[in-house]
Number of protein chains: 2
Amino acid sequence: MKDKATSFDIAHMAGVSQSTVSRALSNSPLVNKETRERVQRIAREMNYKVDKNASNLRKQRSSTIALLLFEDPSPDDSLINPFFMSMLGSITRACASMNYDLLVSFQNMNGDWHAEYEDTNKADGLILLGYGDYLDYRDKLTQLQEQGTHFVRWGAHDAEYPGISIGCDNYQGGQLVTQHLIDQGAKTFAFIGTAGQRAPEFMARFQGHIDTLASAGLLPDTAVQYNAVSTEDAGFDATQKILDSGQRPDAIVCASDLIAVGAIKCLKKHGLGVPNDILVGGYDNIPISAFTTPTLTTVQQNTKKAGELLVSNLLRLINNEKVTDYLMPAELIVRQSSQK
Amino acid sequence: MKDKATSFDIAHMAGVSQSTVSRALSNSPLVNKETRERVQRIAREMNYKVDKNASNLRKQRSSTIALLLFEDPSPDDSLINPFFMSMLGSITRACASMNYDLLVSFQNMNGDWHAEYEDTNKADGLILLGYGDYLDYRDKLTQLQEQGTHFVRWGAHDAEYPGISIGCDNYQGGQLVTQHLIDQGAKTFAFIGTAGQRAPEFMARFQGHIDTLASAGLLPDTAVQYNAVSTEDAGFDATQKILDSGQRPDAIVCASDLIAVGAIKCLKKHGLGVPNDILVGGYDNIPISAFTTPTLTTVQQNTKKAGELLVSNLLRLINNEKVTDYLMPAELIVRQSSQK
DNA sequence: CTGAAAGCGCTTACAG
DNA sequence: CTGAAAGCGCTTACAG
């Protein structure tokens, strides 16, 4: 491998000093227009590129962001939550448009975080992405905060947790899908999804759900809730429990699409038709939800805007500008599973 | 923001020289065990982390890999090919296990590549991921090669194209699905997917398809082929053309699952049942394929192994070790769409 | 507008 | 085993 050219080589070829080369290549207005263009031309011809390690070291900023993706406990290979994949795409594009590079790192929720990108000056800040257990989460967020790390996280606004959050209104999403099912004539309900302190997103969806029921005068004897993590199997099992208990709710609200997929499968197995016998609603609008039989009514979060907001707010934070939490509205996607 | 500690600060606190700190933190055997442990403890207590810009600049290597993802022409937001998302997950994990960081960048296939990660010393090498038009591709690969950039690409082995490739045997995949459909009794076939020089993956699948037909004595009058890019709409339209032409093949082989989804939709619209009237096979095993009605028989590529191979071979390349192209076997996933 | 010089924070020959 | 010194390739005050 041949040695790479340095700014001194370009300076030599252009007959100017190395300082002038550096200025010319950063489009400094200090440098004469002709000189600048000549230097830039020579640099292009030599395929010279500024060394980022040297440049970052000197400038003390990296123009790089690190994305920490927290996975669900399922440690097996590929199947990452499609929702986060969509976010990843959006974040990548948003970074590119701001001339930032993006480091991606999968993290183990429970183990130690590998979050030292800013400490090592490899990144100027972090984006945290993943649903999770806030009780574990919290100490680590506090630690990041104390170290002066710049970060934003996707998720629910919560005054108790440090850092800036960008999220989608899970409470409103729970309202939307529940009101829609009420409008479709449902009077008795079941909610599937762990609704507890350790699952704030699901909790908010559940809260929106029961509050809407209450407003419609359907509480409390009609509302049952069954725990489930966001997997097809958990949705299946929870539905099995509902049926075992002898209940036949008019509608089942699921805290995620994967849960809904499992629920529908279980209902089918017991000869119950969706939507004819029972209405079902999901959450996330994952690609699969448009292909299930029946297709799934669900709540969509705007991942494109979410990615842009995460990046732009992190950059504001890095530049010491004022930043506040942001809550995006949810959107109901009506499909077959909720309409007789 | 408080100033970060440097190795000099640690040296001062430990009562040793800065050189010794550096050695201790890199676990150099040159340094006395007790000194090393003391230095490491102090560094931990001070939350000191080695500055990567300085370290990389000095070492002239970054322990970082850049992943360039080439997108299909569809410039709209989110929906990235799920297959590549799965690869991304696998590559990320493989990098982490080798103590490499991963930069992710989406590229526009047709525009200029933003591929200067190695030129700027931000990365030690590149992974190229994306299906695409090899005629455009080729010049850029040649350019990378000439610049001495280290890279591996996902895709078909092709002696005409520069660089190391890791791929899955598309020819064999085409054989597998076709032979399976023949075994199910199909005698007349249609293939949907652009089979040309500009789409080498689809081309190889088609070649495996027709060669298998030939071996079974079913060529040539029974084989028709219709162009389609890898989208649901293109699959729908191509199927429409088949039906318009009056043909009713026993089986349709689709070059991708998305094409197959569109094909099934079109067949349904015309009152043709799958698998009862026509058998359908896909390619990729995207998550959706397990949820369509009927579920889709398809060909799976081992993304976990693929990601590991891409990373490990790139690292070999970076270390100037010998590297050769690698072709992984394909695997048939039999579901409902191919079995009466 | 330009150049000479300092210095970002490390790693690693070199000398002991 | 340890330390003093050089130097990785830049950017940016400083001086002119």
# chains A, B, ... in the order shown; residues from 1 in each chain; ligands from 1
>>> interface_residues(of="chain A", to="chain B", cutoff="6 Å", atoms="only C-alpha atoms", output="ChimeraX atom specification")
/A:49-54,57,78,86,102-104,120-121,288,291-292
>>> write_last_selection(atoms="N, CA and C atoms", output="compact mmCIF listing (two decimals), in the first residue's frame")
# COMPACT_ATOMS: atom_id res chain seq x y z
N LYS A 49 -7.48 13.26 0.90
CA LYS A 49 -8.59 13.48 1.82
C LYS A 49 -8.03 13.83 3.19
N VAL A 50 -8.64 14.77 3.83
CA VAL A 50 -8.19 15.16 5.16
C VAL A 50 -8.29 13.98 6.13
N ASP A 51 -7.26 13.76 6.88
CA ASP A 51 -7.26 12.68 7.86
C ASP A 51 -8.17 13.06 9.02
N LYS A 52 -9.20 12.25 9.22
CA LYS A 52 -10.20 12.58 10.24
C LYS A 52 -9.65 12.41 11.65
N ASN A 53 -8.76 11.48 11.84
CA ASN A 53 -8.23 11.31 13.18
C ASN A 53 -7.46 12.55 13.60
N ALA A 54 -6.63 13.03 12.70
CA ALA A 54 -5.85 14.22 13.02
C ALA A 54 -6.78 15.43 13.16
N LEU A 57 -8.89 15.15 16.29
CA LEU A 57 -8.06 15.33 17.49
C LEU A 57 -7.82 16.81 17.73
N SER A 78 -31.23 -13.03 14.09
CA SER A 78 -31.59 -11.94 13.21
C SER A 78 -32.76 -11.09 13.68
N SER A 86 -36.76 0.38 11.11
CA SER A 86 -37.26 1.52 10.37
C SER A 86 -36.68 2.82 10.94
N LEU A 102 -22.49 7.94 11.34
CA LEU A 102 -23.25 7.21 12.34
C LEU A 102 -22.58 5.89 12.71
N LEU A 103 -22.26 5.74 13.98
CA LEU A 103 -21.78 4.46 14.48
C LEU A 103 -22.97 3.70 15.05
N VAL A 104 -23.07 2.43 14.72
CA VAL A 104 -24.19 1.64 15.21
C VAL A 104 -23.67 0.54 16.12
N THR A 120 -14.37 8.45 24.43
CA THR A 120 -13.17 8.23 23.64
C THR A 120 -13.07 9.20 22.48
N ASN A 121 -14.00 10.14 22.43
CA ASN A 121 -14.02 11.13 21.36
C ASN A 121 -14.30 10.52 19.99
N ILE A 288 -45.49 -6.82 8.50
CA ILE A 288 -46.31 -8.03 8.54
C ILE A 288 -47.80 -7.70 8.72
N PHE A 291 -50.23 -8.00 5.99
CA PHE A 291 -50.31 -9.27 5.27
C PHE A 291 -50.97 -10.39 6.05
N THR A 292 -51.25 -10.13 7.31
CA THR A 292 -51.90 -11.18 8.08
C THR A 292 -53.33 -11.36 7.57
>>> select_by_dssp(residues="range 158-237 of chain A", states="strand (DSSP E or B)", output="PyMOL selection string")
chain A and resi 164-168+189-192+223-226
>>> closest_atom_pairs(of="chain C", to="chain B", cutoff="9 Å", atoms="only C-alpha atoms (C1' of nucleotides)", output="Markdown table")
| residue | atom | partner | partner_atom | distance |
| --- | --- | --- | --- | --- |
| C:DC8 | C1' | B:Ala54 | CA | 7.9 |
| C:DG9 | C1' | B:Ala54 | CA | 5.1 |
| C:DC10 | C1' | B:Ala54 | CA | 4.7 |
| C:DT11 | C1' | B:Arg58 | CA | 6.0 |
| C:DT12 | C1' | B:Ser19 | CA | 9.0 |
>>> write_last_selection(atoms="C-alpha atoms (C1' of nucleotides)", output="JSON list (two decimals), in the first residue's frame")
[["chain", "number", "residue", "atom", "x", "y", "z"],
["C", 8, "DC", "C1'", -4.52, 18.18, 20.13],
["C", 9, "DG", "C1'", -3.44, 13.10, 23.11],
["C", 10, "DC", "C1'", -1.75, 9.40, 22.19],
["C", 11, "DT", "C1'", 2.05, 5.04, 20.86],
["C", 12, "DT", "C1'", 6.38, 3.37, 20.33]]
>>> residues_around(residues="range 237-241 of chain A", least_positions_apart="4", cutoff="8 Å", atoms="only C-alpha atoms (C1' of nucleotides)", output="JSON, numbers by chain")
{"A": [192, 226, 227, 228, 233, 245, 262, 263, 266, 267]}
>>> residues_around(residues="DA13 in chain D", least_positions_apart="4", cutoff="12 Å", atoms="only C-alpha atoms (C1' of nucleotides)", output="NGL selection string")
:C and (4-7)
>>> write_last_selection(atoms="N, CA, C and O atoms (P, O5', C5', C4', C3', O3' and C1' of nucleotides)", output="PDB file, in the first residue's frame")
ATOM      1  P    DA C   4       6.950  29.334   6.218  1.00  0.00           P
ATOM      2  O5'  DA C   4       7.235  29.537   7.767  1.00  0.00           O
ATOM      3  C5'  DA C   4       7.323  30.873   8.306  1.00  0.00           C
ATOM      4  C4'  DA C   4       7.446  30.796   9.813  1.00  0.00           C
ATOM      5  C3'  DA C   4       8.067  29.511  10.358  1.00  0.00           C
ATOM      6  O3'  DA C   4       8.578  29.834  11.649  1.00  0.00           O
ATOM      7  C1'  DA C   4       5.809  29.548  10.933  1.00  0.00           C
ATOM      8  P    DA C   5       9.166  28.671  12.611  1.00  0.00           P
ATOM      9  O5'  DA C   5       7.953  28.427  13.609  1.00  0.00           O
ATOM     10  C5'  DA C   5       7.407  29.548  14.318  1.00  0.00           C
ATOM     11  C4'  DA C   5       6.427  29.045  15.358  1.00  0.00           C
ATOM     12  C3'  DA C   5       6.838  27.749  16.080  1.00  0.00           C
ATOM     13  O3'  DA C   5       6.489  27.889  17.435  1.00  0.00           O
ATOM     14  C1'  DA C   5       4.749  27.438  15.068  1.00  0.00           C
ATOM     15  P    DA C   6       6.965  26.852  18.517  1.00  0.00           P
ATOM     16  O5'  DA C   6       5.597  26.587  19.287  1.00  0.00           O
ATOM     17  C5'  DA C   6       4.664  27.665  19.401  1.00  0.00           C
ATOM     18  C4'  DA C   6       3.310  27.094  19.763  1.00  0.00           C
ATOM     19  C3'  DA C   6       3.374  25.890  20.708  1.00  0.00           C
ATOM     20  O3'  DA C   6       2.312  26.031  21.630  1.00  0.00           O
ATOM     21  C1'  DA C   6       2.231  25.291  18.740  1.00  0.00           C
ATOM     22  P    DG C   7       2.290  25.120  22.922  1.00  0.00           P
ATOM     23  O5'  DG C   7       1.168  24.066  22.538  1.00  0.00           O
ATOM     24  C5'  DG C   7      -0.086  24.552  22.031  1.00  0.00           C
ATOM     25  C4'  DG C   7      -0.891  23.366  21.618  1.00  0.00           C
ATOM     26  C3'  DG C   7      -0.644  22.120  22.480  1.00  0.00           C
ATOM     27  O3'  DG C   7      -1.873  21.482  22.682  1.00  0.00           O
ATOM     28  C1'  DG C   7      -0.288  21.604  20.239  1.00  0.00           C
TER      29       DG C   7
END
>>> residues_around(residues="Val299 in chain B", least_positions_apart="6", cutoff="12 Å", atoms="only C-alpha atoms (C1' of nucleotides)", output="ChimeraX atom specification")
/B:83,168-178,180,205,253-257,260,281-286,289,329-335
>>> atom_distance(atom1="CA of Ala94 in chain A", atom2="CA of Ala94 in chain B")
25.2 Å
>>> select_by_dssp(residues="range 86-316 of chain B", states="helix (DSSP H, G or I)", output="PyMOL selection string")
chain B and resi 86-97+134-146+170-183+200-215+232-244+257-269+287-290+303-316
>>> atom_distance(atom1="CA of Thr231 in chain B", atom2="CA of Phe70 in chain B")
16.0 Å
>>> atom_distance(atom1="CA of Ala195 in chain B", atom2="CA of Leu309 in chain B")
27.1 Å
>>> residues_around(residues="Ile210 in chain A", least_positions_apart="4", cutoff="8 Å", atoms="only C-alpha atoms (C1' of nucleotides)", output="CSV table (one decimal) with C-alpha atoms, in the first residue's frame")
chain,number,residue,atom,x,y,z
A,206,PHE,CA,-53.0,0.6,28.5
A,214,ALA,CA,-64.1,4.9,31.3
A,219,LEU,CA,-65.4,0.5,33.0
A,223,ALA,CA,-61.8,-4.4,31.3
